[in-house]
Each structure stands twice: as structure tokens, then as C-alpha cells.
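Have a look at protein37.cif below; it lists mmCIF, C-alpha atoms.
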data_final
#
loop_
_atom_site.label_atom_id
_atom_site.label_comp_id
_atom_site.auth_asym_id
_atom_site.auth_seq_id
_atom_site.Cartn_x
_atom_site.Cartn_y
_atom_site.Cartn_z
CA MET U 7 10.97 13.45 -5.24
CA ARG U 8 10.03 13.78 -1.59
CA ILE U 9 9.99 16.97 0.39
CA THR U 10 11.62 16.72 3.82
CA TRP U 11 11.18 18.06 7.34
CA ASP U 12 13.23 21.13 6.44
CA ASP U 13 10.79 21.97 3.62
CA LEU U 14 7.85 22.29 6.01
CA PRO U 15 6.74 25.81 7.01
CA PRO U 16 8.11 26.81 10.45
CA GLU U 17 4.64 26.91 12.01
CA ILE U 18 3.94 23.35 10.83
CA ARG U 19 7.22 22.11 12.31
CA VAL U 20 6.37 23.82 15.61
CA ARG U 21 2.97 22.12 15.81
CA ALA U 22 4.53 18.74 15.07
CA GLU U 23 7.17 19.33 17.76
CA GLN U 24 4.41 20.10 20.26
CA ILE U 25 2.97 16.64 19.58
CA ILE U 26 6.38 14.96 19.82
CA GLY U 27 7.22 16.84 23.01
CA GLY U 28 10.51 18.50 22.13
CA ARG U 29 12.54 20.40 19.54
CA VAL U 30 13.59 18.26 16.58
CA ALA U 31 17.37 18.08 16.41
CA GLU U 32 17.96 15.28 13.89
CA THR U 33 16.00 14.05 10.86
CA SER U 34 16.37 11.21 8.38
CA SER U 35 14.19 11.20 5.27
CA GLN U 36 12.99 7.78 4.09
CA ALA U 37 13.21 7.16 0.37
CA GLU U 38 10.75 4.27 0.05
CA GLY U 39 7.24 4.75 -1.30
CA TYR U 40 5.66 6.99 -3.92
CA SER U 41 4.20 9.90 -1.97
CA PRO U 42 5.75 13.32 -2.60
CA GLY U 43 5.19 14.23 1.05
CA THR U 44 7.62 13.96 3.94
CA ALA U 45 8.52 10.63 5.52
CA ASP U 46 11.03 11.59 8.20
CA ARG U 47 12.37 9.78 11.22
CA VAL U 48 13.01 12.55 13.73
CA ARG U 49 14.79 12.79 17.10
CA THR U 50 14.38 15.64 19.57
CA ASP U 51 17.21 17.23 21.50
CA ASP U 52 16.14 15.24 24.59
CA GLY U 53 16.08 11.90 22.72
CA ARG U 54 12.38 11.45 21.86
CA ARG U 55 11.74 9.79 18.51
CA ALA U 56 8.83 9.94 16.08
CA PHE U 57 7.96 9.46 12.43
CA VAL U 58 6.48 12.50 10.68
CA LYS U 59 4.46 12.40 7.46
CA ALA U 60 3.25 15.66 5.94
CA VAL U 61 1.88 16.66 2.55
CA THR U 62 0.18 19.66 0.99
CA PRO U 63 -2.45 19.68 -1.78
CA ALA U 64 -0.21 22.21 -3.54
CA ILE U 65 2.11 19.32 -4.43
CA ASN U 66 -0.50 16.67 -5.16
CA ARG U 67 -4.16 16.96 -4.24
CA HIS U 68 -4.77 13.20 -4.31
CA SER U 69 -1.85 12.57 -1.95
CA ALA U 70 -3.39 15.05 0.47
CA GLU U 71 -6.71 13.18 0.39
CA LEU U 72 -4.89 9.91 0.99
CA ALA U 73 -3.14 11.48 3.99
CA ARG U 74 -6.50 12.49 5.44
CA GLN U 75 -7.78 8.95 4.93
CA GLU U 76 -4.67 7.50 6.54
CA MET U 77 -5.15 9.82 9.50
CA ARG U 78 -8.69 8.55 10.09
CA ILE U 79 -7.81 4.89 9.63
CA THR U 80 -4.64 4.92 11.73
CA ALA U 81 -6.44 6.64 14.60
CA ALA U 82 -9.00 3.79 14.64
CA LEU U 83 -6.54 0.87 14.60
CA PRO U 84 -6.69 -1.15 17.84
CA GLU U 85 -3.59 -1.23 20.01
CA ARG U 86 -3.25 -5.01 19.64
CA ALA U 87 -2.81 -4.71 15.85
CA PRO U 88 0.80 -4.86 14.57
CA THR U 89 0.71 -1.28 13.30
CA PRO U 90 2.35 2.02 14.35
CA ARG U 91 0.60 4.05 17.03
CA MET U 92 -0.47 7.57 16.13
CA LEU U 93 0.97 10.15 18.53
CA GLY U 94 -1.07 12.97 17.02
CA ALA U 95 -2.16 14.59 13.78
CA PHE U 96 -3.58 17.82 12.40
CA ASP U 97 -5.02 19.21 9.18
CA THR U 98 -4.73 22.93 8.46
CA GLY U 99 -6.25 22.64 5.00
CA ASP U 100 -2.88 23.52 3.48
CA TRP U 101 -0.97 20.78 5.33
CA ILE U 102 -1.97 17.34 6.56
CA VAL U 103 0.45 16.05 9.19
CA LEU U 104 0.65 12.67 10.91
CA VAL U 105 3.01 12.08 13.83
CA LEU U 106 3.52 8.36 14.44
CA GLU U 107 5.68 6.24 16.66
CA ASP U 108 9.05 5.57 15.07
CA VAL U 109 9.22 1.80 14.52
CA ALA U 110 12.79 0.53 14.63
CA GLY U 111 13.09 -2.19 12.02
CA ARG U 112 14.07 -3.19 8.51
CA HIS U 113 12.11 -3.71 5.34
CA PRO U 114 12.09 -7.29 4.03
CA GLY U 115 14.94 -7.82 1.61
CA LEU U 116 14.37 -8.12 -2.13
CA PRO U 117 14.23 -10.63 -3.63
CA TRP U 118 12.11 -12.11 -0.87
CA SER U 119 13.68 -14.85 1.24
CA ASP U 120 11.62 -17.80 2.47
CA ALA U 121 12.33 -16.69 6.04
CA ASP U 122 10.96 -13.17 5.44
CA ILE U 123 7.91 -14.56 3.64
CA ASP U 124 7.12 -16.86 6.56
CA THR U 125 7.68 -14.07 9.10
CA VAL U 126 5.38 -11.65 7.31
CA LEU U 127 2.78 -14.36 6.67
CA ASP U 128 2.59 -14.98 10.43
CA GLY U 129 2.27 -11.23 10.93
CA LEU U 130 -0.59 -11.02 8.45
CA GLY U 131 -2.39 -13.68 10.45
CA GLU U 132 -1.98 -11.55 13.58
CA LEU U 133 -3.12 -8.47 11.66
CA ALA U 134 -6.27 -10.13 10.30
CA ALA U 135 -7.16 -11.51 13.74
CA ALA U 136 -6.85 -8.03 15.27
CA LEU U 137 -8.91 -6.38 12.51
CA THR U 138 -11.75 -8.92 12.20
CA PRO U 139 -14.38 -7.70 12.58
CA ALA U 140 -13.19 -4.33 11.31
CA PRO U 141 -13.07 -1.47 13.83
CA PRO U 142 -15.95 1.01 13.49
CA ILE U 143 -14.66 3.33 10.80
CA ASP U 144 -16.14 4.64 7.58
CA VAL U 145 -14.04 3.06 4.83
CA PRO U 146 -15.15 1.54 1.52
CA ARG U 147 -15.57 -2.14 0.88
CA ALA U 148 -12.71 -3.66 -1.09
CA CYS U 149 -14.97 -4.36 -4.07
CA ASP U 150 -15.96 -0.69 -4.26
CA GLN U 151 -12.43 0.58 -3.80
CA LEU U 152 -11.10 -1.72 -6.52
CA ALA U 153 -14.02 -1.40 -8.96
CA ASN U 154 -12.50 1.35 -11.10
CA ASP U 155 -9.06 -0.29 -11.08
CA PHE U 156 -10.41 -3.64 -12.21
CA GLU U 157 -11.82 -2.02 -15.36
CA GLY U 158 -8.29 -1.89 -16.76
CA TRP U 159 -8.77 -4.73 -19.26
CA ALA U 160 -12.02 -3.20 -20.51
CA ARG U 161 -10.23 0.10 -21.12
CA ILE U 162 -7.41 -1.68 -22.93
CA ALA U 163 -9.92 -3.59 -25.07
CA ALA U 164 -11.64 -0.34 -26.05
CA ASP U 165 -8.38 1.02 -27.49
CA PRO U 166 -5.67 -1.68 -27.64
CA PRO U 167 -2.16 -0.17 -27.75
CA ALA U 168 0.01 -1.15 -30.69
CA ASP U 169 2.63 -2.80 -28.47
CA LEU U 170 0.16 -4.86 -26.44
CA ASP U 171 1.39 -8.37 -25.68
CA PRO U 172 0.01 -10.68 -28.44
CA TRP U 173 -1.36 -13.21 -25.95
CA ALA U 174 -3.17 -10.46 -24.04
CA ARG U 175 -4.56 -9.03 -27.29
CA ALA U 176 -5.95 -12.45 -28.26
CA ASN U 177 -7.55 -12.96 -24.83
CA LEU U 178 -8.95 -9.55 -23.92
CA THR U 179 -12.49 -10.87 -23.45
CA ALA U 180 -11.37 -13.69 -21.17
CA LEU U 181 -9.11 -11.34 -19.20
CA GLY U 182 -11.95 -8.88 -18.68
CA ALA U 183 -14.25 -11.67 -17.48
CA SER U 184 -11.58 -12.96 -15.10
CA ALA U 185 -11.08 -9.47 -13.63
CA ALA U 186 -14.83 -9.15 -13.08
CA ARG U 187 -14.85 -12.44 -11.16
CA GLY U 188 -11.89 -11.22 -9.14
CA LEU U 189 -13.70 -8.05 -8.17
CA ALA U 190 -16.74 -10.07 -7.09
CA ALA U 191 -14.50 -12.25 -4.89
CA THR U 192 -13.41 -9.18 -2.89
CA ALA U 193 -17.00 -8.35 -1.94
CA SER U 194 -17.09 -10.81 0.96
CA GLY U 195 -15.60 -10.60 4.45
CA ASP U 196 -15.54 -8.19 7.38
CA THR U 197 -11.80 -7.67 7.84
CA LEU U 198 -10.11 -4.27 7.67
CA ALA U 199 -7.56 -4.99 4.95
CA HIS U 200 -4.46 -2.88 4.40
CA CYS U 201 -4.87 -3.28 0.62
CA ASP U 202 -1.36 -2.02 -0.24
CA ILE U 203 0.87 -4.76 1.14
CA ARG U 204 4.41 -4.41 -0.23
CA ALA U 205 7.89 -4.81 1.21
CA ASP U 206 8.24 -1.03 1.64
CA ASN U 207 5.04 -0.95 3.73
CA ILE U 208 6.38 -3.53 6.20
CA LEU U 209 8.99 -3.16 8.93
CA VAL U 210 10.39 -6.23 10.68
CA ARG U 211 11.46 -5.34 14.22
CA ASP U 212 14.55 -6.76 15.89
CA ASP U 213 12.34 -9.18 17.82
CA GLY U 214 11.03 -10.54 14.49
CA ARG U 215 7.54 -9.05 14.68
CA PRO U 216 6.42 -7.42 11.41
CA ILE U 217 4.70 -4.05 11.66
CA PHE U 218 2.42 -2.92 8.81
CA ILE U 219 2.72 0.78 8.01
CA ASP U 220 1.03 3.31 5.68
CA TRP U 221 -2.75 2.86 5.82
CA PRO U 222 -4.45 5.21 3.30
CA TRP U 223 -6.00 2.33 1.32
CA GLY U 224 -7.66 0.46 4.22
CA CYS U 225 -10.95 -1.16 3.23
CA ILE U 226 -13.36 -3.90 4.33
CA GLY U 227 -12.89 -7.22 2.60
CA PRO U 228 -11.92 -10.88 2.90
CA ASP U 229 -9.26 -11.89 5.42
CA TRP U 230 -7.13 -13.38 2.59
CA LEU U 231 -6.83 -10.19 0.53
CA ASP U 232 -3.63 -8.87 2.12
CA ARG U 233 -2.08 -12.32 1.91
CA LEU U 234 -2.76 -12.41 -1.83
CA LEU U 235 -1.37 -8.91 -2.29
CA LEU U 236 1.80 -9.94 -0.51
CA ALA U 237 2.07 -12.91 -2.91
CA VAL U 238 1.86 -10.43 -5.80
CA ASN U 239 4.71 -8.39 -4.30
CA VAL U 240 6.79 -11.55 -3.93
CA LEU U 241 6.02 -12.59 -7.50
CA VAL U 242 7.05 -9.18 -8.85
CA ASN U 243 10.23 -8.84 -6.78
CA GLY U 244 11.44 -12.44 -6.65
CA GLY U 245 10.71 -15.21 -4.18
CA ASP U 246 8.28 -18.09 -3.75
CA PRO U 247 4.68 -16.81 -3.86
CA ASP U 248 3.34 -20.35 -3.42
CA ARG U 249 4.29 -20.16 0.27
CA LEU U 250 1.54 -17.53 0.56
CA LEU U 251 -1.03 -19.01 -1.80
CA ALA U 252 -1.34 -22.44 -0.15
CA GLY U 253 -4.92 -22.98 0.95
CA LEU U 254 -6.39 -20.11 -1.08
CA ASP U 255 -8.92 -20.73 -3.84
CA PRO U 256 -6.76 -20.96 -7.00
CA ARG U 257 -9.49 -19.52 -9.21
CA GLN U 258 -9.98 -16.51 -6.95
CA VAL U 259 -6.22 -15.97 -6.83
CA THR U 260 -6.00 -15.95 -10.62
CA ASP U 261 -9.01 -13.69 -11.05
CA VAL U 262 -7.88 -11.07 -8.52
CA VAL U 263 -4.37 -11.01 -10.01
CA THR U 264 -5.95 -10.60 -13.46
CA GLY U 265 -7.70 -7.48 -12.24
CA LEU U 266 -4.52 -6.08 -10.70
CA THR U 267 -2.53 -6.79 -13.87
CA GLY U 268 -5.05 -5.01 -16.09
CA PHE U 269 -4.99 -2.01 -13.77
CA CYS U 270 -1.18 -1.79 -13.80
CA LEU U 271 -0.93 -2.32 -17.55
CA HIS U 272 -3.50 0.36 -18.34
CA ILE U 273 -2.54 3.03 -15.82
CA SER U 274 1.19 2.68 -16.53
CA ARG U 275 0.50 4.11 -19.99
CA THR U 276 -1.07 7.29 -18.63
CA PRO U 277 0.80 10.49 -17.66
CA PRO U 278 2.32 10.40 -14.15
CA PRO U 279 0.53 12.34 -11.41
CA PRO U 280 2.08 15.64 -10.25
CA GLY U 281 5.04 15.13 -7.96
CA ILE U 282 5.19 11.33 -8.41
CA PRO U 283 7.13 10.77 -11.66
CA ALA U 284 8.39 7.25 -10.86
CA VAL U 285 5.07 5.56 -10.13
CA ARG U 286 4.24 4.70 -13.78
CA ALA U 287 7.51 2.79 -14.24
CA PHE U 288 6.75 0.90 -11.01
CA GLN U 289 3.28 -0.01 -12.29
CA ARG U 290 4.60 -1.12 -15.68
CA ALA U 291 7.21 -3.33 -14.02
CA GLN U 292 4.43 -4.98 -12.02
CA ALA U 293 2.36 -5.63 -15.15
CA ASP U 294 5.37 -7.04 -17.01
CA ALA U 295 6.08 -9.46 -14.14
CA LEU U 296 2.46 -10.54 -13.65
CA LEU U 297 1.43 -11.10 -17.27
CA PRO U 298 3.59 -14.23 -17.86
CA TRP U 299 2.29 -15.68 -14.59
CA LEU U 300 -1.30 -15.11 -15.78
CA ARG U 301 -0.54 -16.67 -19.15
CA ARG U 302 0.52 -19.87 -17.41
CA ARG U 303 -2.58 -19.97 -15.17
CA LEU U 304 -5.17 -18.97 -17.78
#

Written form, C-alpha cells:
Amino acid sequence: MRITWDDLPPEIRVRAEQIIGGRVAETSSQAEGYSPGTADRVRTDDGRRAFVKAVTPAINRHSAELARQEMRITAALPERAPTPRMLGAFDTGDWIVLVLEDVAGRHPGLPWSDADIDTVLDGLGELAAALTPAPPIDVPRACDQLANDFEGWARIAADPPADLDPWARANLTALGASAARGLAATASGDTLAHCDIRADNILVRDDGRPIFIDWPWGCIGPDWLDRLLLAVNVLVNGGDPDRLLAGLDPRQVTDVVTGLTGFCLHISRTPPPPGIPAVRAFQRAQADALLPWLRRRL
């Protein structure tokens, strides 16, 4: 469950208001996402608008580290990229606060429509063009960021759960090898990838331009990585992922999705992190949707 603007200490609210340029009079907490921190659209008494994200390590230490990473990445994004502008940010040690422009728009509907898929696909092309080569910022390569996650099948093979899908149980070696190839495929490229492309991390403005929000997982990788991750989100939530996969190497697609599936299947069986109780059900739902797709392709 998220905290909101009203849960922030008074001195933190004052510092955020100094960045926004006025006293906050109205707030609207956004329910999407899995961070326990604030995600509030705010309006000042003189009509200024902003989007405020704030989290404390006291709720979840990892979320606080992600907020610090998002702060660094967002500050480095070029103005031409279809991303929110950062108005200001600060880190007191106890609170990490980002104040961003408030993007007026809607999330793509679920299940995905062909029109939304095509709109976001065009936006991903604009995003990749703006972020290739990557801006000068210290972020990991995609293969390093995903290395631990893509060990999911190996961890499952070491201690297979009793309720493991029979096809997966019979093919653990092949699934592990496919995930390893998928990880290797992410080692190329010089694009700053978002690496967490989902409907709730996209806003489509009234003029039809998609804006890509929430950047804690940015990393350097191939220019097709975000496109493939969007296809996974479409596959999980309903829609036509083939509209996104056309022209991509089918073997690389399968191998990367194998790695993602193993990660979701393994981690969904572990205890939820503090303050984020719903994330394991989300990860299990992804694994359950992706496994039949893998069975057909492998």
C-alpha cells in the first residue's frame, strides 16, 4: 500500500513545495505500480502542477535505492526524449524525493488494443533514437543487470517445487540454456533502455505522443530490448504481441523471454519484500501467462 503526500514529514513537503514554486493545495495519489512510496499528482494554490515521488528506507530499503537510481537517470535524460522532465530532487538520507513535471495523459488500456500497440511502438522508436548512444551516465549494462534474474531456471532446477509445470520440469536443462543465450543477447548495443516497459509505465498524451515514465532500471543494451519487453506486457495482459516482434530475431526473442519467465516463476515463490505485498502475485501471473507461449516456441 502506498504512502501519500499527507504521510510525508512537514519539512519534506516544504522542500518539495519550494521546488514546485507554491503551496500544495490538491493531491491525487496514483495507484499504479509496486513501489510503497508516494506517487502524487499535486496542484498548488496558484495552479502549478507537478508529480511528486518520495520514499524512505524505513519502508523498504531497496525502493529507496531505486529512487536514488531513478533520480540520477532522470536528471541525465535529454530533453528530446519522450520522458518527464525533472523539476528538482533531493536526498536527506531518510527521504528520497523526486519532483517531476505532471504529464497529462492516460495509460494504455488493458487488454492492449492494436491502436495503442502501434502508438507506443512508434514512441519506442523515438525513445531509442533519442537515447542512442546512451547519455553519459553510470548505469549497468543490461546483461549485468539481468544476470541474477536470468538464473531463475537454474535455481528452480536445483530444488524443483512439487507443483512445477510438468513440461517445465522435463525441460529444465533446455530452459536454462535458453535463458543463458537470452542473457548473452542483451550484452550488445549502446542504447539507454528503460528495461521496465509496462502499460503502467507509459502515459499517452492527448496529442497521441507516448511518454515513458519511471526510470530506476535504466541500463545500456540493444535498441530492441524495450520493444521486446513491451511485447511481453502485451502477451501477459492481452493483445497481439506479433505487432511488436516483427523483424526481431525469433531465437533471441524466445531466449530472452525464457530468462524472464524463469525469473518470474522463481521469485514469485519467495516471500514478498517489505511494503510491497502484491508484487509476488503480479510476478506469478506473468510466469503463468508466459510459460504456455514458451512451450509453443520451444

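Put simply, the PyMOL selection byres ((chain U and resi 101-103) around 8) on this file hits U:Ile18, U:Ala22, U:Val58, U:Lys59, U:Ala60, U:Val61, U:Thr62, U:Pro63, U:Ala70, U:Ala73, U:Arg74, U:Ala95, U:Phe96, U:Asp97, U:Thr98, U:Gly99, U:Asp100, U:Leu104, U:Val105.
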
Query - Residues matched by the PyMOL selection byres ((chain U and resi 13) around 12), written as JSON, numbers by chain - result: {"U": [8, 9, 10, 11, 12, 14, 15, 16, 17, 18, 19, 33, 35, 42, 43, 44, 45, 46, 60, 61, 62, 101]}

Would you put the residues from that selection into a file with C-alpha atoms, as a PDB file, in the coordinates of the input?
ATOM      1  CA  ARG U   8      10.030  13.780  -1.590  1.00  0.00           C
ATOM      2  CA  ILE U   9       9.990  16.970   0.390  1.00  0.00           C
ATOM      3  CA  THR U  10      11.620  16.720   3.820  1.00  0.00           C
ATOM      4  CA  TRP U  11      11.180  18.060   7.340  1.00  0.00           C
ATOM      5  CA  ASP U  12      13.230  21.130   6.440  1.00  0.00           C
ATOM      6  CA  LEU U  14       7.850  22.290   6.010  1.00  0.00           C
ATOM      7  CA  PRO U  15       6.740  25.810   7.010  1.00  0.00           C
ATOM      8  CA  PRO U  16       8.110  26.810  10.450  1.00  0.00           C
ATOM      9  CA  GLU U  17       4.640  26.910  12.010  1.00  0.00           C
ATOM     10  CA  ILE U  18       3.940  23.350  10.830  1.00  0.00           C
ATOM     11  CA  ARG U  19       7.220  22.110  12.310  1.00  0.00           C
ATOM     12  CA  THR U  33      16.000  14.050  10.860  1.00  0.00           C
ATOM     13  CA  SER U  35      14.190  11.200   5.270  1.00  0.00           C
ATOM     14  CA  PRO U  42       5.750  13.320  -2.600  1.00  0.00           C
ATOM     15  CA  GLY U  43       5.190  14.230   1.050  1.00  0.00           C
ATOM     16  CA  THR U  44       7.620  13.960   3.940  1.00  0.00           C
ATOM     17  CA  ALA U  45       8.520  10.630   5.520  1.00  0.00           C
ATOM     18  CA  ASP U  46      11.030  11.590   8.200  1.00  0.00           C
ATOM     19  CA  ALA U  60       3.250  15.660   5.940  1.00  0.00           C
ATOM     20  CA  VAL U  61       1.880  16.660   2.550  1.00  0.00           C
ATOM     21  CA  THR U  62       0.180  19.660   0.990  1.00  0.00           C
ATOM     22  CA  TRP U 101      -0.970  20.780   5.330  1.00  0.00           C
TER      23      TRP U 101
END

**Report entry** Pick from U:Asp246, U:Asp232, U:Asp294, U:Glu23, whichever lies nearest to Leu130 of chain U using all atoms listed in the file
**Finding:**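 Using all atoms listed in the file, the shortest distance to Leu130 of chain U belongs to U:Asp232.
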
Query raised in the report: Of the candidates U:Gly39, U:Gly268, U:Gly94, U:Pro146, which one gets nearest to Gly227 of chain U if we count all atoms listed in the file?
Result: U:Pro146

Report task. Check which residues satisfy the PyMOL selection byres ((chain U and resi 218) around 8) in the file shown, then give them as number ranges by chain. Result -> U: 88-90, 207-209, 216-217, 219-220

Enumerate, in order of chain and increasing residue number, the residues of segment 176-288 of chain U with an atom no farther than 9 Å from segment 152-170 of chain U, each with its shortest atom pair and distance in Å to one decimal, counting all atoms listed in the file, as a Markdown table.
| residue | atom | partner | partner_atom | distance |
| --- | --- | --- | --- | --- |
| U:Leu178 | CA | U:Ala163 | CA | 6.1 |
| U:Thr179 | CA | U:Ala163 | CA | 7.9 |
| U:Leu181 | CA | U:Trp159 | CA | 6.6 |
| U:Gly182 | CA | U:Trp159 | CA | 5.3 |
| U:Ala185 | CA | U:Phe156 | CA | 6.0 |
| U:Ala186 | CA | U:Phe156 | CA | 7.1 |
| U:Gly188 | CA | U:Phe156 | CA | 8.3 |
| U:Leu189 | CA | U:Ala153 | CA | 6.7 |
| U:Thr192 | CA | U:Leu152 | CA | 8.6 |
| U:Val262 | CA | U:Phe156 | CA | 8.7 |
| U:Thr264 | CA | U:Phe156 | CA | 8.4 |
| U:Gly265 | CA | U:Phe156 | CA | 4.7 |
| U:Leu266 | CA | U:Phe156 | CA | 6.6 |
| U:Thr267 | CA | U:Gly158 | CA | 8.1 |
| U:Gly268 | CA | U:Gly158 | CA | 4.5 |
| U:Phe269 | CA | U:Gly158 | CA | 4.5 |
| U:Cys270 | CA | U:Gly158 | CA | 7.7 |
| U:Leu271 | CA | U:Gly158 | CA | 7.4 |
| U:His272 | CA | U:Gly158 | CA | 5.5 |
| U:Ile273 | CA | U:Gly158 | CA | 7.6 |

Query raised in the report: Distance atom CA of Val145 of chain U-atom CA of Met7 of chain U, one decimal place?
Result: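 Atom CA of Val145 of chain U sits 28.9 Å away from atom CA of Met7 of chain U.
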
**Report entry** Distance criterion (only C-alpha atoms): nearest to Arg55 of chain U out of U:Met77, U:Leu254, U:Leu106, U:Ala121
**Finding:** U:Leu106

Requested in this report: Please write as an MDAnalysis selection string the list of polymer residues whose atoms come within 12 Å of (-3.8, -13.6, 2.6), counting all atoms listed in the file and keeping to the coordinates of the file.
Outcome: chainID U and resid 123 126:135 192 197 199:201 203 227:238 247:255 258:259

Query raised in the report: Between U:Asp171, U:Arg112, U:Ala183, U:Val263, which is the closest to Glu38 of chain U once you count all atoms listed in the file?
Result: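 When distances to Glu38 of chain U are compared using all atoms listed in the file, the smallest one comes from U:Arg112.
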
Report summary line: atom CA of Asp124 of chain U to atom CA of Arg286 of chain U measures 29.8 Å

Report summary line: atom CA of Asp122 of chain U to atom CA of Glu85 of chain U measures 23.8 Å

Query raised in the report: Which residues, written as a list in words, have at least one atom at most 10 Å from Asn243 of chain U, with only C-alpha atoms counted and residues fewer than 5 positions away on the same chain left out?
Result: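 Close residues of Asn243 of chain U: Gly115, Leu116, Pro117, Trp118, Arg204, Ala205, Ala237, Val238, Ala291, Gln292 and Ala295 of chain U.
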
Query - For Ala293 of chain U, the nearest of the candidates U:Ala81, U:Leu241, U:Ala190, U:Leu93, counting all atoms listed in the file - result: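 The closest residue to Ala293 of chain U is U:Leu241.
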
Counting all atoms listed in the file, select every polymer residue within 9 Å of (13.9, -7.0, 13.5) as defined in the file's coordinates, and provide the selection as a short mmCIF file (atom, residue, chain, number, x, y, z; two decimals) with C-alpha atoms, in the coordinates of the input.
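Output contents, as saved in out_25.cif:
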data_model
loop_
_atom_site.label_atom_id
_atom_site.label_comp_id
_atom_site.auth_asym_id
_atom_site.auth_seq_id
_atom_site.Cartn_x
_atom_site.Cartn_y
_atom_site.Cartn_z
CA ALA U 110 12.79 0.53 14.63
CA GLY U 111 13.09 -2.19 12.02
CA ARG U 112 14.07 -3.19 8.51
CA HIS U 113 12.11 -3.71 5.34
CA LEU U 209 8.99 -3.16 8.93
CA VAL U 210 10.39 -6.23 10.68
CA ARG U 211 11.46 -5.34 14.22
CA ASP U 212 14.55 -6.76 15.89
CA ASP U 213 12.34 -9.18 17.82
CA GLY U 214 11.03 -10.54 14.49
CA ARG U 215 7.54 -9.05 14.68
CA PRO U 216 6.42 -7.42 11.41
#
